[in-house]
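Trainee: What follows is the file input_3.cif, containing mmCIF, C-alpha atoms and all ligand atoms:
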data_coords
#
loop_
_atom_site.label_atom_id
_atom_site.label_comp_id
_atom_site.auth_asym_id
_atom_site.auth_seq_id
_atom_site.Cartn_x
_atom_site.Cartn_y
_atom_site.Cartn_z
CA MET D 1 0.99 -9.89 21.64
CA GLU D 2 4.06 -10.15 19.44
CA LEU D 3 5.99 -7.09 18.39
CA LEU D 4 6.64 -6.73 14.66
CA ASP D 5 10.18 -5.52 15.19
CA GLY D 6 11.05 -3.47 12.12
CA LYS D 7 14.39 -2.42 13.51
CA LYS D 8 15.52 -6.02 13.97
CA VAL D 9 14.15 -7.26 10.62
CA SER D 10 15.52 -4.26 8.71
CA ASN D 11 18.97 -4.95 10.19
CA GLN D 12 18.70 -8.57 9.00
CA ILE D 13 17.76 -7.40 5.50
CA LYS D 14 20.60 -4.87 5.45
CA GLU D 15 23.03 -7.63 6.47
CA GLU D 16 21.71 -9.81 3.63
CA ILE D 17 22.24 -6.96 1.17
CA ALA D 18 25.70 -6.20 2.58
CA THR D 19 26.63 -9.86 1.94
CA GLU D 20 25.52 -9.41 -1.68
CA VAL D 21 27.66 -6.28 -1.95
CA VAL D 22 30.71 -8.21 -0.74
CA LYS D 23 30.10 -10.80 -3.49
CA ILE D 24 29.70 -8.02 -6.09
CA LYS D 25 33.02 -6.53 -5.00
CA GLU D 26 34.72 -9.94 -5.06
CA ARG D 27 33.64 -10.31 -8.67
CA GLY D 28 35.26 -6.94 -9.37
CA GLU D 29 31.92 -5.37 -10.35
CA LYS D 30 30.59 -1.91 -9.63
CA VAL D 31 28.56 -1.66 -6.39
CA PRO D 32 24.97 -0.32 -6.51
CA HIS D 33 24.71 3.48 -6.54
CA LEU D 34 21.62 5.28 -5.16
CA ALA D 35 21.06 9.01 -5.58
CA ALA D 36 18.53 11.03 -3.57
CA VAL D 37 17.23 14.46 -4.55
CA LEU D 38 16.00 16.71 -1.76
CA VAL D 39 14.36 20.01 -2.67
CA GLY D 40 14.07 22.50 0.19
CA ASN D 41 14.87 22.06 3.86
CA ASP D 42 11.88 20.40 5.46
CA GLY D 43 13.19 18.93 8.73
CA ALA D 44 11.49 15.53 8.45
CA SER D 45 12.52 15.07 4.80
CA LEU D 46 16.12 15.96 5.69
CA THR D 47 16.08 13.31 8.42
CA TYR D 48 14.63 10.62 6.14
CA VAL D 49 16.98 11.32 3.25
CA GLY D 50 19.96 11.52 5.63
CA SER D 51 19.01 8.07 6.98
CA LYS D 52 18.70 6.64 3.47
CA VAL D 53 22.14 7.93 2.46
CA ARG D 54 23.77 6.76 5.72
CA SER D 55 22.28 3.28 5.30
CA CYS D 56 23.78 3.08 1.79
CA LYS D 57 27.23 3.79 3.17
CA LYS D 58 26.83 1.20 5.95
CA ILE D 59 26.02 -1.66 3.59
CA GLY D 60 28.65 -0.72 0.99
CA PHE D 61 26.50 1.04 -1.65
CA GLU D 62 27.62 4.24 -3.27
CA SER D 63 25.29 7.14 -2.61
CA THR D 64 24.85 10.72 -3.77
CA LEU D 65 22.74 13.34 -2.03
CA ILE D 66 21.61 16.21 -4.25
CA GLN D 67 20.24 19.13 -2.25
CA MET D 68 18.40 21.86 -4.14
CA PRO D 69 17.00 25.09 -2.66
CA SER D 70 13.28 25.46 -1.86
CA THR D 71 13.08 28.07 -4.66
CA THR D 72 14.07 25.47 -7.33
CA SER D 73 11.85 25.72 -10.40
CA GLU D 74 10.08 22.76 -11.95
CA LEU D 75 12.31 23.05 -15.02
CA GLU D 76 15.49 23.00 -12.95
CA LEU D 77 14.33 19.84 -11.17
CA LEU D 78 13.30 18.20 -14.45
CA ARG D 79 16.76 18.96 -15.85
CA LYS D 80 18.39 17.36 -12.81
CA ILE D 81 16.20 14.28 -13.26
CA ASP D 82 17.20 14.05 -16.91
CA GLU D 83 20.85 14.21 -15.85
CA LEU D 84 20.31 11.35 -13.37
CA ASN D 85 18.41 9.33 -16.00
CA GLN D 86 21.41 9.64 -18.35
CA ASP D 87 24.10 9.09 -15.71
CA ASN D 88 25.36 5.57 -16.27
CA ASP D 89 26.99 5.44 -12.87
CA ILE D 90 23.68 5.77 -11.02
CA ASP D 91 21.53 2.65 -10.78
CA GLY D 92 18.52 4.19 -9.09
CA PHE D 93 17.34 7.46 -7.57
CA ILE D 94 14.53 8.99 -5.57
CA VAL D 95 13.07 12.47 -5.38
CA GLN D 96 11.99 12.98 -1.79
CA LEU D 97 8.34 14.06 -1.41
CA PRO D 98 6.62 16.37 -0.67
CA LEU D 99 7.94 18.93 -3.15
CA PRO D 100 7.49 22.71 -2.87
CA ASP D 101 4.20 24.08 -4.26
CA GLN D 102 5.71 25.53 -7.46
CA ILE D 103 6.62 22.02 -8.63
CA ASP D 104 4.09 19.59 -10.13
CA THR D 105 4.81 16.27 -8.39
CA GLN D 106 3.16 14.19 -11.13
CA LYS D 107 5.32 15.78 -13.84
CA VAL D 108 8.41 15.00 -11.78
CA ILE D 109 7.45 11.35 -11.21
CA MET D 110 6.64 10.95 -14.91
CA ALA D 111 10.12 12.25 -15.81
CA ILE D 112 11.97 9.52 -13.87
CA ASP D 113 13.27 6.61 -15.97
CA PRO D 114 11.07 3.68 -14.77
CA ASP D 115 14.17 1.44 -14.63
CA LYS D 116 15.75 3.84 -12.12
CA ASP D 117 12.53 4.53 -10.17
CA VAL D 118 13.45 2.67 -6.97
CA ASP D 119 10.47 4.30 -5.19
CA GLY D 120 8.11 2.52 -7.61
CA PHE D 121 6.10 5.73 -8.07
CA HIS D 122 6.19 5.97 -11.91
CA PRO D 123 2.87 4.94 -13.53
CA THR D 124 4.68 2.16 -15.44
CA ASN D 125 5.90 0.62 -12.20
CA PHE D 126 2.68 1.29 -10.30
CA GLY D 127 0.73 -0.32 -13.16
CA LYS D 128 3.01 -3.34 -13.19
CA MET D 129 2.58 -3.70 -9.44
CA ALA D 130 -1.23 -3.59 -9.83
CA LEU D 131 -0.98 -6.31 -12.51
CA ASP D 132 1.24 -8.61 -10.39
CA MET D 133 4.20 -8.10 -12.70
CA SER D 134 7.77 -7.99 -11.41
CA THR D 135 8.71 -4.38 -10.62
CA PHE D 136 9.82 -1.95 -7.91
CA ILE D 137 7.23 -2.05 -5.12
CA PRO D 138 7.02 1.26 -3.17
CA ALA D 139 9.32 0.88 -0.18
CA THR D 140 6.82 1.39 2.67
CA PRO D 141 4.21 -1.13 1.42
CA PHE D 142 7.08 -3.47 0.45
CA GLY D 143 8.43 -3.20 4.01
CA ILE D 144 5.02 -4.02 5.49
CA LEU D 145 4.71 -7.11 3.26
CA GLU D 146 8.19 -8.20 4.32
CA LEU D 147 7.31 -7.81 8.03
CA LEU D 148 4.10 -9.85 7.59
CA GLU D 149 6.07 -12.53 5.74
CA ARG D 150 8.98 -12.79 8.16
CA TYR D 151 6.59 -13.03 11.16
CA LYS D 152 4.44 -15.56 9.22
CA VAL D 153 1.27 -13.51 9.69
CA ASP D 154 -1.71 -15.22 8.08
CA THR D 155 -3.43 -12.84 5.63
CA LYS D 156 -5.48 -15.25 3.48
CA GLY D 157 -9.19 -14.53 3.60
CA LYS D 158 -8.67 -11.96 6.35
CA HIS D 159 -10.34 -8.56 6.35
CA THR D 160 -7.64 -5.91 5.93
CA VAL D 161 -8.67 -2.31 6.59
CA VAL D 162 -6.28 0.32 5.24
CA ILE D 163 -6.67 3.83 6.64
CA GLY D 164 -5.51 6.53 4.22
CA ARG D 165 -5.38 6.46 0.41
CA SER D 166 -2.04 8.15 -0.30
CA HIS D 167 -0.21 7.17 -3.49
CA ILE D 168 2.85 6.25 -1.39
CA VAL D 169 1.24 3.94 1.18
CA GLY D 170 -2.54 3.44 1.39
CA ARG D 171 -3.38 2.97 -2.29
CA PRO D 172 -0.54 0.55 -3.14
CA MET D 173 -1.04 -1.29 0.17
CA SER D 174 -4.70 -1.91 -0.64
CA ILE D 175 -3.71 -3.38 -4.02
CA LEU D 176 -0.94 -5.55 -2.59
CA MET D 177 -3.02 -7.01 0.24
CA SER D 178 -5.74 -8.06 -2.19
CA ARG D 179 -3.44 -9.69 -4.74
CA LYS D 180 -3.12 -13.44 -5.16
CA GLY D 181 -0.37 -14.91 -3.01
CA TRP D 182 1.05 -14.36 0.42
CA PRO D 183 1.10 -11.88 2.01
CA GLY D 184 -2.15 -11.04 0.25
CA ASN D 185 -5.40 -12.84 -0.58
CA SER D 186 -7.08 -10.48 1.87
CA THR D 187 -10.46 -8.83 1.51
CA VAL D 188 -9.52 -5.17 1.57
CA THR D 189 -11.41 -2.06 2.62
CA LEU D 190 -9.65 1.22 1.80
CA THR D 191 -10.89 3.98 4.09
CA HIS D 192 -10.23 7.72 3.81
CA SER D 193 -11.43 11.16 4.91
CA HIS D 194 -14.90 10.65 3.36
CA THR D 195 -15.49 7.19 4.82
CA GLN D 196 -18.61 6.98 6.94
CA ASN D 197 -18.65 4.89 10.13
CA ILE D 198 -14.89 4.41 10.01
CA GLU D 199 -14.80 3.20 13.63
CA GLN D 200 -17.30 0.46 12.85
CA ILE D 201 -15.36 -0.66 9.75
CA VAL D 202 -12.03 -0.69 11.60
CA SER D 203 -13.58 -2.70 14.44
CA GLN D 204 -14.31 -5.51 11.95
CA ALA D 205 -10.72 -5.70 10.71
CA ASP D 206 -8.44 -8.69 11.20
CA ILE D 207 -5.56 -6.53 9.97
CA VAL D 208 -5.47 -2.73 10.35
CA ILE D 209 -2.92 -0.65 8.43
CA SER D 210 -3.05 2.97 9.52
CA ALA D 211 -1.31 5.55 7.33
CA LEU D 212 -3.05 8.71 8.43
CA GLY D 213 -0.52 10.83 10.30
CA VAL D 214 -2.90 11.63 13.16
CA PRO D 215 -1.40 10.81 16.59
CA ASN D 216 -3.54 8.53 18.77
CA PHE D 217 -6.19 8.10 16.06
CA LEU D 218 -6.47 4.34 16.52
CA LYS D 219 -7.77 3.57 20.00
CA ALA D 220 -8.28 0.24 21.73
CA GLU D 221 -12.10 0.51 21.50
CA MET D 222 -11.81 0.54 17.69
CA VAL D 223 -9.73 -2.64 17.43
CA LYS D 224 -10.95 -6.24 17.44
CA GLU D 225 -9.39 -8.62 19.97
CA GLY D 226 -6.48 -10.41 18.25
CA ALA D 227 -6.15 -7.95 15.34
CA VAL D 228 -2.85 -7.33 13.56
CA VAL D 229 -2.02 -3.63 13.81
CA ILE D 230 0.42 -1.88 11.47
CA ASP D 231 1.19 1.74 12.31
CA VAL D 232 2.60 3.74 9.38
CA GLY D 233 2.08 7.15 11.01
CA ILE D 234 5.19 9.17 11.84
CA THR D 235 4.26 12.52 13.38
CA ARG D 236 6.63 14.95 15.07
CA VAL D 237 4.94 16.31 18.17
CA PRO D 238 6.56 19.51 19.53
CA ASP D 239 8.02 18.94 23.01
CA ASP D 240 10.34 21.49 24.61
CA SER D 241 11.43 19.03 27.28
CA ARG D 242 13.33 17.02 24.64
CA GLU D 243 16.69 18.01 23.25
CA ARG D 244 15.41 17.73 19.65
CA GLY D 245 12.33 19.81 20.49
CA TYR D 246 9.89 17.07 19.43
CA TYR D 247 9.06 13.40 19.82
CA ILE D 248 7.93 10.91 17.20
CA THR D 249 4.58 9.18 17.50
CA GLY D 250 2.42 6.97 15.30
CA ASP D 251 -1.34 6.82 14.61
CA VAL D 252 -1.91 4.11 17.22
CA ASP D 253 -2.46 4.42 20.97
CA PHE D 254 0.20 1.75 21.41
CA GLU D 255 -0.11 1.30 25.16
CA ASN D 256 -3.77 0.29 25.03
CA VAL D 257 -4.06 -1.20 21.52
CA SER D 258 -1.10 -3.54 22.15
CA LYS D 259 -3.13 -5.21 24.94
CA LYS D 260 -5.68 -6.39 22.33
CA ALA D 261 -3.50 -6.95 19.26
CA SER D 262 -1.96 -10.29 18.22
CA PHE D 263 0.84 -8.48 16.34
CA ILE D 264 1.69 -4.78 16.42
CA THR D 265 4.39 -2.48 15.03
CA PRO D 266 5.97 0.08 17.38
CA VAL D 267 6.72 3.69 16.39
CA PRO D 268 9.59 4.32 16.14
CA GLY D 269 11.21 1.00 15.24
CA GLY D 270 8.42 -0.56 13.17
CA VAL D 271 7.58 0.36 9.59
CA GLY D 272 10.06 3.29 9.35
CA PRO D 273 13.30 1.27 9.32
CA MET D 274 11.69 -1.28 6.97
CA THR D 275 11.07 1.47 4.40
CA ILE D 276 14.79 2.20 4.22
CA ALA D 277 15.76 -1.48 4.00
CA MET D 278 13.35 -2.05 1.10
CA LEU D 279 14.62 1.02 -0.75
CA LEU D 280 18.07 -0.58 -0.58
CA LYS D 281 16.62 -3.85 -1.83
CA ASN D 282 15.03 -2.02 -4.76
CA THR D 283 18.39 -0.38 -5.50
CA LEU D 284 20.03 -3.80 -5.67
CA LEU D 285 17.29 -4.83 -8.13
CA ALA D 286 17.84 -1.63 -10.14
CA ARG D 287 21.52 -2.48 -10.48
CA GLU D 288 20.60 -5.90 -11.91
CA ARG D 289 18.18 -4.28 -14.39
CA HIS D 290 20.77 -1.69 -15.31
CA ARG D 291 23.39 -4.35 -15.98
CA SER D 292 21.06 -6.51 -18.06
CA ARG D 293 20.03 -3.44 -20.10
CA GLY D 294 23.72 -2.62 -20.67
N1 LIG Z 301 8.10 10.94 1.36
C1 LIG Z 301 7.56 10.11 2.30
N2 LIG Z 301 7.83 8.82 2.02
C2 LIG Z 301 8.54 8.81 0.87
C3 LIG Z 301 9.10 7.77 0.09
O1 LIG Z 301 8.98 6.57 0.37
N3 LIG Z 301 9.77 8.18 -1.03
C4 LIG Z 301 9.90 9.49 -1.38
N4 LIG Z 301 10.56 9.77 -2.51
N5 LIG Z 301 9.38 10.48 -0.67
C5 LIG Z 301 8.71 10.14 0.44
#
Translate this structure into structure tokens?
Ligand code: GUN
Mentor:
Amino acid sequence: MELLDGKKVSNQIKEEIATEVVKIKERGEKVPHLAAVLVGNDGASLTYVGSKVRSCKKIGFESTLIQMPSTTSELELLRKIDELNQDNDIDGFIVQLPLPDQIDTQKVIMAIDPDKDVDGFHPTNFGKMALDMSTFIPATPFGILELLERYKVDTKGKHTVVIGRSHIVGRPMSILMSRKGWPGNSTVTLTHSHTQNIEQIVSQADIVISALGVPNFLKAEMVKEGAVVIDVGITRVPDDSRERGYYITGDVDFENVSKKASFITPVPGGVGPMTIAMLLKNTLLARERHRSRG
């Protein structure tokens, strides 16, 4: 078994980007600027956005965190997005999901300028991704592709089973793994809450990508010997014995599944850090787009 070490690879990617930033500065140009909008005070979202902003600082990007109260109206958020769209200093921005119930997420995503949509969630960017055109690929699927590539995992002709059909991970992942090229050229099965015989389908997979958010869902009995296992789940399990009051766990019973897997991602330290690194990569790309648009 080989560990797909997202922490190590994400640090390499961040170093590569930091080197680019040094060159940008040497040329006397403006460094990339990422803004993040956080509505409300969900603990996990606060942690993720905090990490994204801190990573920007570490590699030399500018960053802006915009915190809005949980009572923010849809109109107020749409106005903020319009402001960010118009702000020439900002190359790219994200609106952290999920949003409070009074806000229509689709309306919000549609309002983001596709050239600043470093999450790759806007239909223009999602459509381009599905058509193999150059665009922002959503950071989590992008991070998984990067891990598979850097560890030279063979995906051609393999059966990839994706668990979960979210717009952020499962759906784009299923498209990307089936596209021509590498990583890709897989035969993909996208499973979800209405899938029958899910255990049987997963047991046939050469590559399993679990993005369910159910701790210990994927057990050793469900996994084929030699399978590649990617765990996208990040669940906070309450635990009073820990200082933080919780621990983080994935969808995979790591201890037992790792005995059968050829490659496996740990949680934490697998897909999570890759998501942040790829958001930074998208921000670098956004800066280039921004400059060429003038
Ligand atoms: N919530 C969970 N993952 C993500 C992500 O990648 N981007 C945004 N904007 N919100 C998220």
Trainee: For D:Thr191, please output as an mmCIF file with C-alpha atoms, in the coordinates of the input all residues within 8 Å (counting only C-alpha atoms; exclusion window: fewer than 2 positions along the same chain).
Mentor:
data_model
loop_
_atom_site.group_PDB
_atom_site.id
_atom_site.type_symbol
_atom_site.label_atom_id
_atom_site.label_comp_id
_atom_site.auth_asym_id
_atom_site.auth_seq_id
_atom_site.Cartn_x
_atom_site.Cartn_y
_atom_site.Cartn_z
ATOM 1 C CA VAL D 161 -8.670 -2.310 6.590
ATOM 2 C CA VAL D 162 -6.280 0.320 5.240
ATOM 3 C CA ILE D 163 -6.670 3.830 6.640
ATOM 4 C CA GLY D 164 -5.510 6.530 4.220
ATOM 5 C CA ARG D 165 -5.380 6.460 0.410
ATOM 6 C CA THR D 189 -11.410 -2.060 2.620
ATOM 7 C CA SER D 193 -11.430 11.160 4.910
ATOM 8 C CA HIS D 194 -14.900 10.650 3.360
ATOM 9 C CA THR D 195 -15.490 7.190 4.820
ATOM 10 C CA ILE D 198 -14.890 4.410 10.010
#
Trainee: Mind giving me the straight-line distance from atom CA of D:Asp132 to atom CA of D:Glu20 in Å, one decimal?
Mentor: 25.8 Å
Trainee: Could you give me the axis-aligned bounding box of ligand LIG 301 (chain Z), with 5 Å of padding per side, as centre plus edge lengths in Å to one decimal, as JSON?
Mentor:
{"center_x": 9.1, "center_y": 8.8, "center_z": -0.1, "size_x": 13.0, "size_y": 14.4, "size_z": 14.8}
Trainee: Check which residues fall inside 7 Å of ligand LIG 301 (chain Z) when counting all atoms listed in the file, and print them as a ChimeraX atom specification.
Mentor: /D:45,94-98,119,138-140,168,275
Trainee: Keeping only C-alpha atoms, write the selected residues to a file as a compact mmCIF listing (two decimals), in the coordinates of the input.
Mentor:
# COMPACT_ATOMS: atom_id res chain seq x y z
CA SER D 45 12.52 15.07 4.80
CA ILE D 94 14.53 8.99 -5.57
CA VAL D 95 13.07 12.47 -5.38
CA GLN D 96 11.99 12.98 -1.79
CA LEU D 97 8.34 14.06 -1.41
CA PRO D 98 6.62 16.37 -0.67
CA ASP D 119 10.47 4.30 -5.19
CA PRO D 138 7.02 1.26 -3.17
CA ALA D 139 9.32 0.88 -0.18
CA THR D 140 6.82 1.39 2.67
CA ILE D 168 2.85 6.25 -1.39
CA THR D 275 11.07 1.47 4.40
Trainee: Residues near D:Ser63, anyone? I mean within 12 Å using only C-alpha atoms, not counting same-chain ones fewer than 3 positions away, as number ranges by chain.
Mentor: D: 31-37, 49-60, 66, 89-94, 280, 283
Trainee: Can you work out the spacing between atom CA of D:Asn85 and atom CA of D:Arg27 in Å, to one decimal?
Mentor: 25.9 Å
Trainee: Can you pull out the residues contacting stretch 215-224 of chain D? Cut-off 7 Å, using all atoms listed in the file, and skip same-chain residues under 3 positions away; I want them as JSON, numbers by chain.
Mentor: {"D": [199, 202, 203, 204, 205, 227, 235, 249, 250, 251, 252, 253, 256, 257]}
Trainee: Go through D:Ser241, D:Gln196, D:Thr160, D:Ser73 one by one, measure the shortest atom-to-atom distance of each to D:Ser178 using only C-alpha atoms, and give the residue with the smallest value.
Mentor: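 Answer, going by the shortest atom-to-atom distance: D:Thr160.
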Trainee: For D:Ser262, which residue among D:Gly226, D:Glu288, D:Leu176, D:Thr47 is the nearest when counting all atoms listed in the file?
Mentor: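 Of D:Gly226, D:Glu288, D:Leu176, D:Thr47, the one nearest D:Ser262, counting all atoms listed in the file, is D:Gly226.
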